[in-house]
file upload37.cif (mmCIF, C-alpha atoms and all ligand atoms)
data_final
#
loop_
_atom_site.label_atom_id
_atom_site.label_comp_id
_atom_site.auth_asym_id
_atom_site.auth_seq_id
_atom_site.Cartn_x
_atom_site.Cartn_y
_atom_site.Cartn_z
CA MET A 1 112.15 75.60 118.00
CA LEU A 2 109.57 76.33 115.28
CA ASP A 3 107.94 72.98 114.63
CA GLY A 4 104.79 73.46 112.55
CA LYS A 5 104.93 77.27 112.70
CA VAL A 6 104.33 79.31 109.57
CA VAL A 7 106.85 82.12 109.18
CA VAL A 8 107.17 84.81 106.54
CA ILE A 9 110.59 86.30 105.92
CA THR A 10 110.76 89.34 103.65
CA GLY A 11 113.89 90.01 101.63
CA ALA A 12 114.86 86.36 102.16
CA GLY A 13 116.50 85.85 98.77
CA GLY A 14 119.94 86.81 100.08
CA GLY A 15 121.97 88.18 102.98
CA ILE A 16 120.53 88.02 106.50
CA GLY A 17 117.01 87.07 105.36
CA ARG A 18 118.30 84.02 103.52
CA ASP A 19 120.07 82.69 106.61
CA ILE A 20 117.01 83.28 108.80
CA ALA A 21 114.86 81.44 106.24
CA LEU A 22 117.28 78.48 106.07
CA MET A 23 117.47 78.22 109.85
CA ALA A 24 113.68 78.55 110.21
CA GLY A 25 113.26 75.67 107.74
CA ALA A 26 115.82 73.59 109.62
CA HIS A 27 113.90 74.23 112.86
CA GLY A 28 110.66 72.83 111.46
CA ALA A 29 108.94 76.02 110.25
CA LYS A 30 106.91 76.22 107.05
CA VAL A 31 108.62 79.15 105.41
CA VAL A 32 107.38 81.82 103.02
CA VAL A 33 110.49 83.09 101.25
CA ASN A 34 109.61 86.59 100.08
CA ASP A 35 111.91 88.62 97.83
CA ILE A 36 111.56 90.70 94.69
CA GLY A 37 115.19 90.07 93.79
CA ALA A 38 116.12 93.75 93.64
CA SER A 39 119.57 95.29 93.38
CA LEU A 40 121.01 96.94 96.49
CA ASP A 41 119.40 100.27 95.58
CA GLY A 42 116.03 98.61 95.07
CA ARG A 43 116.00 98.56 91.28
CA GLY A 44 115.08 95.55 89.14
CA LYS A 45 113.33 92.26 89.81
CA ASP A 46 114.47 88.64 89.75
CA SER A 47 112.62 85.54 90.91
CA GLU A 48 115.79 83.45 91.17
CA PRO A 49 117.01 84.53 94.64
CA ALA A 50 113.72 83.64 96.39
CA GLU A 51 113.23 80.45 94.37
CA GLY A 52 116.82 79.41 95.07
CA VAL A 53 116.42 79.81 98.85
CA ALA A 54 113.08 77.96 98.87
CA GLU A 55 114.77 75.13 96.97
CA GLU A 56 117.66 75.07 99.46
CA ILE A 57 115.13 74.70 102.30
CA ARG A 58 113.29 71.88 100.51
CA ASN A 59 116.54 70.11 99.59
CA ALA A 60 117.41 70.12 103.29
CA GLY A 61 114.09 68.38 104.06
CA GLY A 62 112.13 71.51 104.99
CA THR A 63 108.97 73.14 103.67
CA ALA A 64 108.95 76.43 101.77
CA VAL A 65 106.97 78.46 99.26
CA VAL A 66 107.96 81.57 97.35
CA SER A 67 106.43 85.05 97.31
CA LEU A 68 107.70 87.55 94.77
CA ASP A 69 105.55 90.46 95.95
CA SER A 70 107.00 93.79 97.02
CA VAL A 71 106.57 94.96 100.61
CA VAL A 72 106.32 98.55 99.36
CA ASP A 73 102.58 98.58 98.66
CA THR A 74 99.53 97.41 100.56
CA ASP A 75 98.46 94.98 97.83
CA GLY A 76 101.88 93.33 97.75
CA ALA A 77 101.89 92.94 101.53
CA GLN A 78 98.36 91.47 101.50
CA ASN A 79 99.52 89.00 98.83
CA ILE A 80 102.52 87.95 100.94
CA ILE A 81 100.21 87.07 103.84
CA ARG A 82 97.72 85.44 101.46
CA VAL A 83 100.47 83.17 100.07
CA ALA A 84 101.19 81.98 103.64
CA VAL A 85 97.52 81.42 104.55
CA ASP A 86 96.70 79.71 101.22
CA ALA A 87 99.71 77.39 101.44
CA PHE A 88 99.76 76.63 105.15
CA GLY A 89 96.48 77.87 106.70
CA CYS A 90 97.90 80.52 109.06
CA VAL A 91 100.83 82.86 109.87
CA ASP A 92 102.67 82.60 113.18
CA GLY A 93 105.65 84.85 112.62
CA ILE A 94 107.01 87.54 110.37
CA VAL A 95 110.52 88.85 109.91
CA ASN A 96 110.45 92.31 108.33
CA ASN A 97 113.89 92.15 106.79
CA ALA A 98 113.57 93.47 103.19
CA GLY A 99 115.75 96.48 102.66
CA ILE A 100 117.58 98.75 100.25
CA LEU A 101 120.13 101.54 100.52
CA ARG A 102 120.35 104.89 98.75
CA ASP A 103 123.15 106.56 100.71
CA ALA A 104 123.84 110.27 100.18
CA PHE A 105 124.97 113.15 102.34
CA PHE A 106 121.89 114.99 103.53
CA HIS A 107 122.54 118.20 101.61
CA LYS A 108 122.74 116.15 98.41
CA MET A 109 119.89 113.69 99.09
CA THR A 110 117.15 113.68 96.47
CA ASP A 111 113.45 113.32 97.26
CA GLU A 112 113.52 109.98 95.45
CA GLU A 113 116.41 108.66 97.57
CA TRP A 114 114.53 109.70 100.70
CA ASP A 115 111.21 108.29 99.49
CA ARG A 116 112.34 104.88 98.21
CA VAL A 117 114.24 104.01 101.39
CA LEU A 118 111.31 105.07 103.61
CA LYS A 119 108.96 103.07 101.38
CA VAL A 120 110.86 99.78 101.53
CA HIS A 121 111.90 99.86 105.21
CA LEU A 122 109.26 101.79 107.15
CA TYR A 123 106.21 101.40 104.90
CA GLY A 124 107.28 97.83 104.05
CA SER A 125 107.44 96.86 107.73
CA TYR A 126 104.11 98.59 108.38
CA ASN A 127 102.41 97.05 105.32
CA VAL A 128 103.35 93.45 106.09
CA SER A 129 102.69 93.80 109.85
CA ARG A 130 99.33 95.46 109.18
CA ALA A 131 98.32 92.76 106.68
CA ALA A 132 99.12 90.08 109.29
CA ALA A 133 97.46 91.88 112.22
CA PRO A 134 93.90 90.52 111.67
CA VAL A 135 95.25 86.97 111.31
CA PHE A 136 97.32 87.36 114.50
CA LYS A 137 94.33 88.83 116.36
CA GLN A 138 92.06 86.02 115.28
CA GLN A 139 94.65 83.39 116.28
CA GLN A 140 95.46 85.25 119.53
CA THR A 141 99.15 84.74 118.80
CA GLY A 142 101.90 86.08 116.56
CA SER A 143 105.51 87.22 116.60
CA LEU A 144 106.98 90.11 114.63
CA VAL A 145 110.71 90.62 114.25
CA HIS A 146 111.83 93.83 112.55
CA MET A 147 115.33 94.63 111.36
CA THR A 148 116.44 98.03 112.60
CA SER A 149 119.99 99.38 112.52
CA THR A 150 122.57 101.11 114.67
CA SER A 151 122.57 103.73 111.88
CA GLY A 152 119.21 104.83 113.31
CA LEU A 153 119.76 103.89 116.97
CA VAL A 154 123.15 105.60 117.19
CA GLY A 155 123.82 107.43 113.92
CA ASN A 156 125.81 107.17 110.71
CA ILE A 157 126.96 109.50 107.99
CA ALA A 158 125.18 109.81 104.64
CA GLN A 159 122.19 107.75 105.76
CA ALA A 160 119.49 110.26 106.80
CA ASN A 161 116.84 108.34 104.85
CA TYR A 162 117.89 104.96 106.23
CA SER A 163 118.37 106.20 109.82
CA ALA A 164 114.95 107.86 109.82
CA ALA A 165 113.32 104.69 108.46
CA LYS A 166 115.11 102.39 110.90
CA LEU A 167 114.25 104.53 113.94
CA GLY A 168 110.69 104.74 112.63
CA ILE A 169 110.61 100.93 112.68
CA VAL A 170 111.58 101.00 116.36
CA GLY A 171 108.56 103.20 117.12
CA LEU A 172 106.36 100.99 114.97
CA SER A 173 107.51 97.85 116.78
CA LYS A 174 106.94 99.31 120.25
CA SER A 175 103.48 100.53 119.24
CA ILE A 176 102.47 97.14 117.88
CA ALA A 177 103.82 95.49 121.05
CA LEU A 178 101.66 97.82 123.19
CA ASP A 179 98.52 97.68 121.05
CA MET A 180 98.47 93.93 120.40
CA GLN A 181 99.79 92.58 123.70
CA ARG A 182 96.19 91.80 124.67
CA PHE A 183 95.97 89.41 121.70
CA GLY A 184 99.17 87.54 122.52
CA VAL A 185 101.10 89.32 119.75
CA ARG A 186 104.77 90.18 120.32
CA SER A 187 106.98 92.62 118.43
CA ASN A 188 110.75 93.05 118.75
CA CYS A 189 113.61 94.63 116.81
CA ILE A 190 117.06 93.34 115.90
CA ALA A 191 119.87 95.68 114.86
CA PRO A 192 122.15 93.27 112.98
CA PHE A 193 125.75 93.58 111.96
CA ALA A 194 126.60 91.27 109.06
CA TRP A 195 128.83 91.32 106.08
CA SER A 196 126.38 91.45 103.19
CA ARG A 197 126.18 93.44 99.98
CA MET A 198 124.44 96.13 102.04
CA ILE A 199 127.56 96.88 104.08
CA SER A 200 129.70 97.06 100.97
CA SER A 201 128.00 100.35 100.03
CA ILE A 202 128.98 102.13 103.26
CA LYS A 203 130.89 105.27 102.36
CA VAL A 204 134.57 104.72 103.18
CA ASP A 205 136.47 107.97 103.16
CA SER A 206 139.04 107.51 105.92
CA PRO A 207 141.58 104.85 106.95
CA GLU A 208 139.60 104.31 110.20
CA GLN A 209 136.46 103.49 108.24
CA GLN A 210 138.42 101.20 105.97
CA GLU A 211 139.65 99.33 109.03
CA ARG A 212 136.11 99.08 110.37
CA VAL A 213 134.87 97.57 107.11
CA ALA A 214 137.63 94.96 107.28
CA ARG A 215 136.36 93.95 110.73
CA LEU A 216 132.75 93.83 109.54
CA GLN A 217 133.73 91.34 106.85
CA GLN A 218 134.34 88.71 109.54
CA MET A 219 130.68 88.74 110.54
CA THR A 220 128.45 86.41 108.56
CA PRO A 221 124.68 86.86 108.13
CA ALA A 222 124.21 83.38 109.66
CA LYS A 223 125.19 84.81 113.06
CA VAL A 224 121.97 86.86 113.13
CA ALA A 225 119.64 83.93 112.47
CA PRO A 226 119.60 82.23 115.94
CA LEU A 227 118.17 85.31 117.70
CA ALA A 228 115.48 85.75 115.03
CA ILE A 229 114.50 82.07 115.33
CA TYR A 230 114.35 82.37 119.13
CA LEU A 231 112.15 85.50 118.95
CA LEU A 232 109.78 83.71 116.55
CA SER A 233 109.49 80.74 118.88
CA ASP A 234 107.24 80.16 121.90
CA HIS A 235 110.36 80.21 124.09
CA ALA A 236 110.21 84.02 123.67
CA ARG A 237 106.59 84.30 124.84
CA ALA A 238 107.56 86.81 127.55
CA VAL A 239 109.78 88.89 125.24
CA THR A 240 108.19 91.90 123.55
CA GLY A 241 108.85 95.60 122.88
CA GLN A 242 112.63 95.08 123.00
CA ILE A 243 115.54 96.13 120.79
CA PHE A 244 118.34 93.62 120.41
CA CYS A 245 121.58 93.80 118.49
CA VAL A 246 123.73 90.97 117.08
CA ARG A 247 127.36 91.37 116.14
CA ASN A 248 129.14 88.13 115.33
CA ASN A 249 129.08 86.18 118.64
CA GLU A 250 127.78 89.11 120.74
CA ILE A 251 124.11 89.75 121.55
CA PHE A 252 123.15 93.14 123.04
CA LEU A 253 119.99 94.51 124.62
CA PHE A 254 119.62 98.17 123.60
CA SER A 255 118.43 101.00 125.80
CA GLN A 256 115.31 102.97 124.89
CA PRO A 257 115.11 106.77 125.32
CA ARG A 258 114.15 107.96 128.81
CA PRO A 259 114.72 111.35 130.52
CA VAL A 260 118.32 111.51 131.74
CA ARG A 261 118.29 114.79 133.66
CA SER A 262 115.82 117.57 134.44
CA VAL A 263 115.82 121.17 135.61
CA GLN A 264 112.88 123.13 136.96
CA ARG A 265 112.16 126.66 138.18
CA GLN A 266 109.23 127.62 140.33
CA ASP A 267 108.60 130.82 138.31
CA GLY A 268 109.03 129.22 134.84
CA TRP A 269 111.64 129.75 132.15
CA THR A 270 112.76 132.63 129.95
CA PRO A 271 115.12 132.11 127.00
CA GLU A 272 117.81 133.89 129.06
CA GLY A 273 117.12 131.66 132.05
CA ILE A 274 117.48 128.60 129.82
CA ALA A 275 120.84 129.93 128.56
CA ASP A 276 122.13 130.80 132.04
CA HIS A 277 120.75 127.94 134.09
CA ALA A 278 119.00 125.10 132.22
CA MET A 279 121.58 124.43 129.50
CA PRO A 280 124.66 124.54 131.74
CA ALA A 281 122.93 121.98 133.97
CA LEU A 282 121.62 119.77 131.14
CA SER A 283 124.81 119.94 129.07
CA ALA A 284 126.60 117.81 131.64
CA SER A 285 124.46 114.94 130.31
CA PHE A 286 124.51 115.76 126.58
CA HIS A 287 125.07 112.82 124.26
CA ARG A 288 128.23 112.89 122.22
CA MET A 289 128.01 113.22 118.41
CA GLU A 290 128.71 109.52 117.95
CA VAL A 291 128.30 107.26 114.97
CA SER A 292 127.75 103.52 115.24
CA ALA A 293 131.50 102.79 114.96
CA ASP A 294 132.25 105.02 117.99
CA VAL A 295 129.89 103.00 120.17
CA PHE A 296 130.97 99.61 118.78
CA SER A 297 134.62 100.53 119.01
CA TRP A 298 136.08 97.10 119.75
CA ASP A 299 136.64 94.23 117.36
CA PRO A 300 133.68 91.86 116.98
CA VAL A 301 134.04 88.83 119.24
N1 LIG B 401 124.03 93.82 106.85
C1 LIG B 401 124.09 94.58 107.94
O1 LIG B 401 125.12 94.71 108.61
C2 LIG B 401 122.88 95.30 108.41
C3 LIG B 401 123.03 96.26 109.40
C4 LIG B 401 121.92 96.90 109.91
C5 LIG B 401 120.67 96.56 109.40
N2 LIG B 401 120.54 95.64 108.41
C6 LIG B 401 119.19 95.33 107.91
O2 LIG B 401 119.01 93.93 107.76
C7 LIG B 401 118.13 93.67 106.66
C8 LIG B 401 118.78 92.70 105.68
O3 LIG B 401 119.95 93.30 105.15
P1 LIG B 401 121.04 92.51 104.28
O4 LIG B 401 122.34 93.04 104.72
O5 LIG B 401 120.79 91.05 104.32
O6 LIG B 401 120.71 93.13 102.82
P2 LIG B 401 120.58 92.43 101.38
O7 LIG B 401 120.61 93.54 100.39
O8 LIG B 401 121.56 91.33 101.24
O9 LIG B 401 119.12 91.79 101.42
C9 LIG B 401 117.94 92.57 101.32
C10 LIG B 401 116.94 91.81 100.49
O10 LIG B 401 115.72 92.57 100.43
C11 LIG B 401 115.16 92.40 99.15
N3 LIG B 401 114.22 93.49 98.86
C12 LIG B 401 114.53 94.78 98.52
N4 LIG B 401 113.41 95.47 98.30
C13 LIG B 401 112.37 94.62 98.51
C14 LIG B 401 110.95 94.75 98.43
N5 LIG B 401 110.39 95.92 98.10
N6 LIG B 401 110.17 93.67 98.71
C15 LIG B 401 110.74 92.48 99.05
N7 LIG B 401 112.08 92.29 99.10
C16 LIG B 401 112.87 93.34 98.85
C17 LIG B 401 116.37 92.39 98.22
O11 LIG B 401 116.05 91.80 96.95
C18 LIG B 401 117.39 91.61 99.04
O12 LIG B 401 117.39 90.22 98.72
C19 LIG B 401 117.80 95.03 106.06
O13 LIG B 401 116.58 95.51 106.59
C20 LIG B 401 118.93 95.91 106.53
O14 LIG B 401 118.59 97.28 106.59
C21 LIG B 401 121.63 95.01 107.89
#
call {"tool": "encode", "arguments": {"input": "upload37.cif", "output": "structure tokens"}}
result
Amino acid sequence: MLDGKVVVITGAGGGIGRDIALMAGAHGAKVVVNDIGASLDGRGKDSEPAEGVAEEIRNAGGTAVVSLDSVVDTDGAQNIIRVAVDAFGCVDGIVNNAGILRDAFFHKMTDEEWDRVLKVHLYGSYNVSRAAAPVFKQQQTGSLVHMTSTSGLVGNIAQANYSAAKLGIVGLSKSIALDMQRFGVRSNCIAPFAWSRMISSIKVDSPEQQERVARLQQMTPAKVAPLAIYLLSDHARAVTGQIFCVRNNEIFLFSQPRPVRSVQRQDGWTPEGIADHAMPALSASFHRMEVSADVFSWDPV
């Protein structure tokens, strides 16, 4: 699927990124395994995770180099792309997968918790995509795959920072898809479900949530990799601006916000008119206050 292609996978030292990197290597890609080796909350650095995955790819007969730069700053992102170009001459695909969690209920969230999560997910995805954009434009080809989350697409408790970042990534992806379509560049999102250390930090404060976590444990990160590999490949040349979701053996196409109902008055609206007429009409189509688990309410297949 990826013979000869150069792909960069951020946060590939563990979890979902690791499995995408391994599968990319097995499908003939030259892989840049990027990871700073941080803890779940983004603290610390360790070269071992990225080096270990690169070694696994090489031991399996593939080609891989390591990048230990952080996606958080522009210089780090430029370095990640430079590593790919220096080692392999070009970049064909990027998986913006690096991530951290700093969960807290909104009324208790600190500025730092907000800032760090936005920096790694939203700025990280922007930084690496932006650094690759000139290379993609010059080549007239390129595929971006960004990891979003049902925490942003649907909602989740104690994750305002993460939800905002992940929905921001959806807007970023669509904008790149629109702006760079003329250069043959594609951009898509995946909302994965996988049992990784990231899930283990989900706040569990009810028996229902405990049960949900038990179900999530059945889903391995490897289940997410095939869709990412497909989206990086030329087989997906007509696929852009989409949001997919993978949950064990299920693949979903997500909706994107569109008007669902409208009301109009010839003589315009007053606040009273909105209360008496507009809201009673629109409320028939209000969305429920759902979290991700309410929408994905059946056991993973
Ligand atoms: N696991 C799930 O069910 C799930 C659900 C929804 C979304 N996601 C998303 O999928 C992606 C992968 O998640 P995971 O579950 O494999 O998590 P993970 O914690 O196992 O892996 C994330 C990796 O990112 C690396 N990283 C952190 N900060 C970095 C930085 N600044 N620069 C480079 N690397 C950095 C970490 O060292 C780690 O190896 C994340 O974007 C996450 O938000 C995961």
call {"tool": "atom_distance", "arguments": {"input": "upload37.cif", "atom1": "atom CA of Leu2 of chain A", "atom2": "atom CA of Asp75 of chain A"}}
result
27.9 Å
call {"tool": "residues_near_ligand", "arguments": {"input": "upload37.cif", "ligand": "ligand LIG 401 (chain B)", "cutoff": "6 Å", "atoms": "only C-alpha atoms and all ligand atoms", "output": "short mmCIF file (atom, residue, chain, number, x, y, z; two decimals) with C-alpha atoms, keeping the file's coordinate frame"}}
result
data_model
loop_
_atom_site.label_atom_id
_atom_site.label_comp_id
_atom_site.auth_asym_id
_atom_site.auth_seq_id
_atom_site.Cartn_x
_atom_site.Cartn_y
_atom_site.Cartn_z
CA THR A 10 110.76 89.34 103.65
CA GLY A 11 113.89 90.01 101.63
CA ALA A 12 114.86 86.36 102.16
CA GLY A 13 116.50 85.85 98.77
CA GLY A 14 119.94 86.81 100.08
CA GLY A 15 121.97 88.18 102.98
CA ILE A 16 120.53 88.02 106.50
CA GLY A 17 117.01 87.07 105.36
CA ASP A 35 111.91 88.62 97.83
CA ILE A 36 111.56 90.70 94.69
CA GLY A 37 115.19 90.07 93.79
CA ALA A 38 116.12 93.75 93.64
CA LEU A 40 121.01 96.94 96.49
CA GLY A 42 116.03 98.61 95.07
CA SER A 70 107.00 93.79 97.02
CA VAL A 71 106.57 94.96 100.61
CA VAL A 72 106.32 98.55 99.36
CA ASN A 97 113.89 92.15 106.79
CA ALA A 98 113.57 93.47 103.19
CA GLY A 99 115.75 96.48 102.66
CA ILE A 100 117.58 98.75 100.25
CA VAL A 120 110.86 99.78 101.53
CA MET A 147 115.33 94.63 111.36
CA THR A 148 116.44 98.03 112.60
CA SER A 149 119.99 99.38 112.52
CA ALA A 191 119.87 95.68 114.86
CA PRO A 192 122.15 93.27 112.98
CA PHE A 193 125.75 93.58 111.96
CA ALA A 194 126.60 91.27 109.06
CA TRP A 195 128.83 91.32 106.08
CA SER A 196 126.38 91.45 103.19
CA ARG A 197 126.18 93.44 99.98
CA MET A 198 124.44 96.13 102.04
CA ILE A 199 127.56 96.88 104.08
#
call {"tool": "atom_distance", "arguments": {"input": "upload37.cif", "atom1": "atom CA of Asn34 of chain A", "atom2": "atom CA of Val53 of chain A"}}
result
9.7 Å
call {"tool": "atom_distance", "arguments": {"input": "upload37.cif", "atom1": "atom CA of Glu290 of chain A", "atom2": "atom CA of Gly152 of chain A"}}
result
11.6 Å
call {"tool": "closest_residue", "arguments": {"input": "upload37.cif", "among": "A:Gly61, A:Pro300, A:Gly142, A:Gly168", "to": "Lys119 of chain A", "atoms": "all atoms listed in the file"}}
result
A:Gly168
call {"tool": "build_atoms", "arguments": {"input": "upload37.cif", "residues": "segment 94-104 of chain A", "atoms": "all heavy atoms", "output": "PDB file, keeping the file's coordinate frame"}}
result
ATOM      1  N   ILE A  94     106.557  86.759 111.522  1.00  0.00           N
ATOM      2  CA  ILE A  94     107.010  87.540 110.370  1.00  0.00           C
ATOM      3  C   ILE A  94     108.362  88.164 110.703  1.00  0.00           C
ATOM      4  O   ILE A  94     108.553  88.679 111.809  1.00  0.00           O
ATOM      5  CB  ILE A  94     106.006  88.655 110.042  1.00  0.00           C
ATOM      6  CG1 ILE A  94     104.734  88.017 109.488  1.00  0.00           C
ATOM      7  CG2 ILE A  94     106.575  89.661 109.050  1.00  0.00           C
ATOM      8  CD1 ILE A  94     103.617  88.945 109.291  1.00  0.00           C
ATOM      9  N   VAL A  95     109.274  88.103 109.756  1.00  0.00           N
ATOM     10  CA  VAL A  95     110.520  88.850 109.910  1.00  0.00           C
ATOM     11  C   VAL A  95     110.543  89.925 108.825  1.00  0.00           C
ATOM     12  O   VAL A  95     110.635  89.629 107.639  1.00  0.00           O
ATOM     13  CB  VAL A  95     111.765  87.933 109.790  1.00  0.00           C
ATOM     14  CG1 VAL A  95     113.040  88.751 110.019  1.00  0.00           C
ATOM     15  CG2 VAL A  95     111.695  86.782 110.786  1.00  0.00           C
ATOM     16  N   ASN A  96     110.392  91.174 109.263  1.00  0.00           N
ATOM     17  CA  ASN A  96     110.450  92.310 108.330  1.00  0.00           C
ATOM     18  C   ASN A  96     111.924  92.648 108.107  1.00  0.00           C
ATOM     19  O   ASN A  96     112.538  93.367 108.895  1.00  0.00           O
ATOM     20  CB  ASN A  96     109.697  93.515 108.914  1.00  0.00           C
ATOM     21  CG  ASN A  96     108.214  93.384 108.711  1.00  0.00           C
ATOM     22  OD1 ASN A  96     107.747  93.015 107.627  1.00  0.00           O
ATOM     23  ND2 ASN A  96     107.445  93.662 109.751  1.00  0.00           N
ATOM     24  N   ASN A  97     112.451  92.099 107.035  1.00  0.00           N
ATOM     25  CA  ASN A  97     113.890  92.150 106.790  1.00  0.00           C
ATOM     26  C   ASN A  97     114.245  92.817 105.459  1.00  0.00           C
ATOM     27  O   ASN A  97     115.367  93.277 105.291  1.00  0.00           O
ATOM     28  CB  ASN A  97     114.420  90.703 106.844  1.00  0.00           C
ATOM     29  CG  ASN A  97     115.815  90.574 106.311  1.00  0.00           C
ATOM     30  OD1 ASN A  97     116.789  90.811 107.012  1.00  0.00           O
ATOM     31  ND2 ASN A  97     115.945  90.218 105.027  1.00  0.00           N
ATOM     32  N   ALA A  98     113.274  92.902 104.524  1.00  0.00           N
ATOM     33  CA  ALA A  98     113.570  93.470 103.190  1.00  0.00           C
ATOM     34  C   ALA A  98     114.156  94.865 103.341  1.00  0.00           C
ATOM     35  O   ALA A  98     113.714  95.647 104.185  1.00  0.00           O
ATOM     36  CB  ALA A  98     112.302  93.528 102.351  1.00  0.00           C
ATOM     37  N   GLY A  99     115.150  95.155 102.534  1.00  0.00           N
ATOM     38  CA  GLY A  99     115.750  96.480 102.660  1.00  0.00           C
ATOM     39  C   GLY A  99     116.555  96.887 101.448  1.00  0.00           C
ATOM     40  O   GLY A  99     116.983  96.043 100.651  1.00  0.00           O
ATOM     41  N   ILE A 100     116.736  98.189 101.308  1.00  0.00           N
ATOM     42  CA  ILE A 100     117.580  98.750 100.250  1.00  0.00           C
ATOM     43  C   ILE A 100     118.395  99.898 100.846  1.00  0.00           C
ATOM     44  O   ILE A 100     118.115 100.339 101.961  1.00  0.00           O
ATOM     45  CB  ILE A 100     116.756  99.280  99.046  1.00  0.00           C
ATOM     46  CG1 ILE A 100     115.885 100.482  99.478  1.00  0.00           C
ATOM     47  CG2 ILE A 100     115.909  98.179  98.441  1.00  0.00           C
ATOM     48  CD1 ILE A 100     115.328 101.272  98.309  1.00  0.00           C
ATOM     49  N   LEU A 101     119.360 100.359 100.102  1.00  0.00           N
ATOM     50  CA  LEU A 101     120.130 101.540 100.520  1.00  0.00           C
ATOM     51  C   LEU A 101     120.195 102.546  99.368  1.00  0.00           C
ATOM     52  O   LEU A 101     120.320 102.155  98.199  1.00  0.00           O
ATOM     53  CB  LEU A 101     121.565 101.159 100.890  1.00  0.00           C
ATOM     54  CG  LEU A 101     121.845 100.488 102.237  1.00  0.00           C
ATOM     55  CD1 LEU A 101     123.338 100.237 102.377  1.00  0.00           C
ATOM     56  CD2 LEU A 101     121.313 101.310 103.394  1.00  0.00           C
ATOM     57  N   ARG A 102     120.060 103.802  99.704  1.00  0.00           N
ATOM     58  CA  ARG A 102     120.350 104.890  98.750  1.00  0.00           C
ATOM     59  C   ARG A 102     121.107 105.953  99.544  1.00  0.00           C
ATOM     60  O   ARG A 102     120.558 106.973  99.922  1.00  0.00           O
ATOM     61  CB  ARG A 102     119.059 105.503  98.190  1.00  0.00           C
ATOM     62  CG  ARG A 102     118.164 104.570  97.397  1.00  0.00           C
ATOM     63  CD  ARG A 102     118.447 104.623  95.904  1.00  0.00           C
ATOM     64  NE  ARG A 102     117.620 103.665  95.189  1.00  0.00           N
ATOM     65  CZ  ARG A 102     116.527 103.968  94.489  1.00  0.00           C
ATOM     66  NH1 ARG A 102     116.147 105.221  94.391  1.00  0.00           N
ATOM     67  NH2 ARG A 102     115.836 103.034  93.881  1.00  0.00           N
ATOM     68  N   ASP A 103     122.366 105.666  99.865  1.00  0.00           N
ATOM     69  CA  ASP A 103     123.150 106.560 100.710  1.00  0.00           C
ATOM     70  C   ASP A 103     123.500 107.865  99.989  1.00  0.00           C
ATOM     71  O   ASP A 103     123.846 107.854  98.813  1.00  0.00           O
ATOM     72  CB  ASP A 103     124.459 105.884 101.138  1.00  0.00           C
ATOM     73  CG  ASP A 103     124.238 104.747 102.125  1.00  0.00           C
ATOM     74  OD1 ASP A 103     123.068 104.479 102.466  1.00  0.00           O
ATOM     75  OD2 ASP A 103     125.235 104.144 102.558  1.00  0.00           O
ATOM     76  N   ALA A 104     123.416 108.962 100.708  1.00  0.00           N
ATOM     77  CA  ALA A 104     123.840 110.270 100.180  1.00  0.00           C
ATOM     78  C   ALA A 104     123.956 111.218 101.363  1.00  0.00           C
ATOM     79  O   ALA A 104     123.196 111.099 102.324  1.00  0.00           O
ATOM     80  CB  ALA A 104     122.814 110.817  99.193  1.00  0.00           C
TER      81      ALA A 104
END
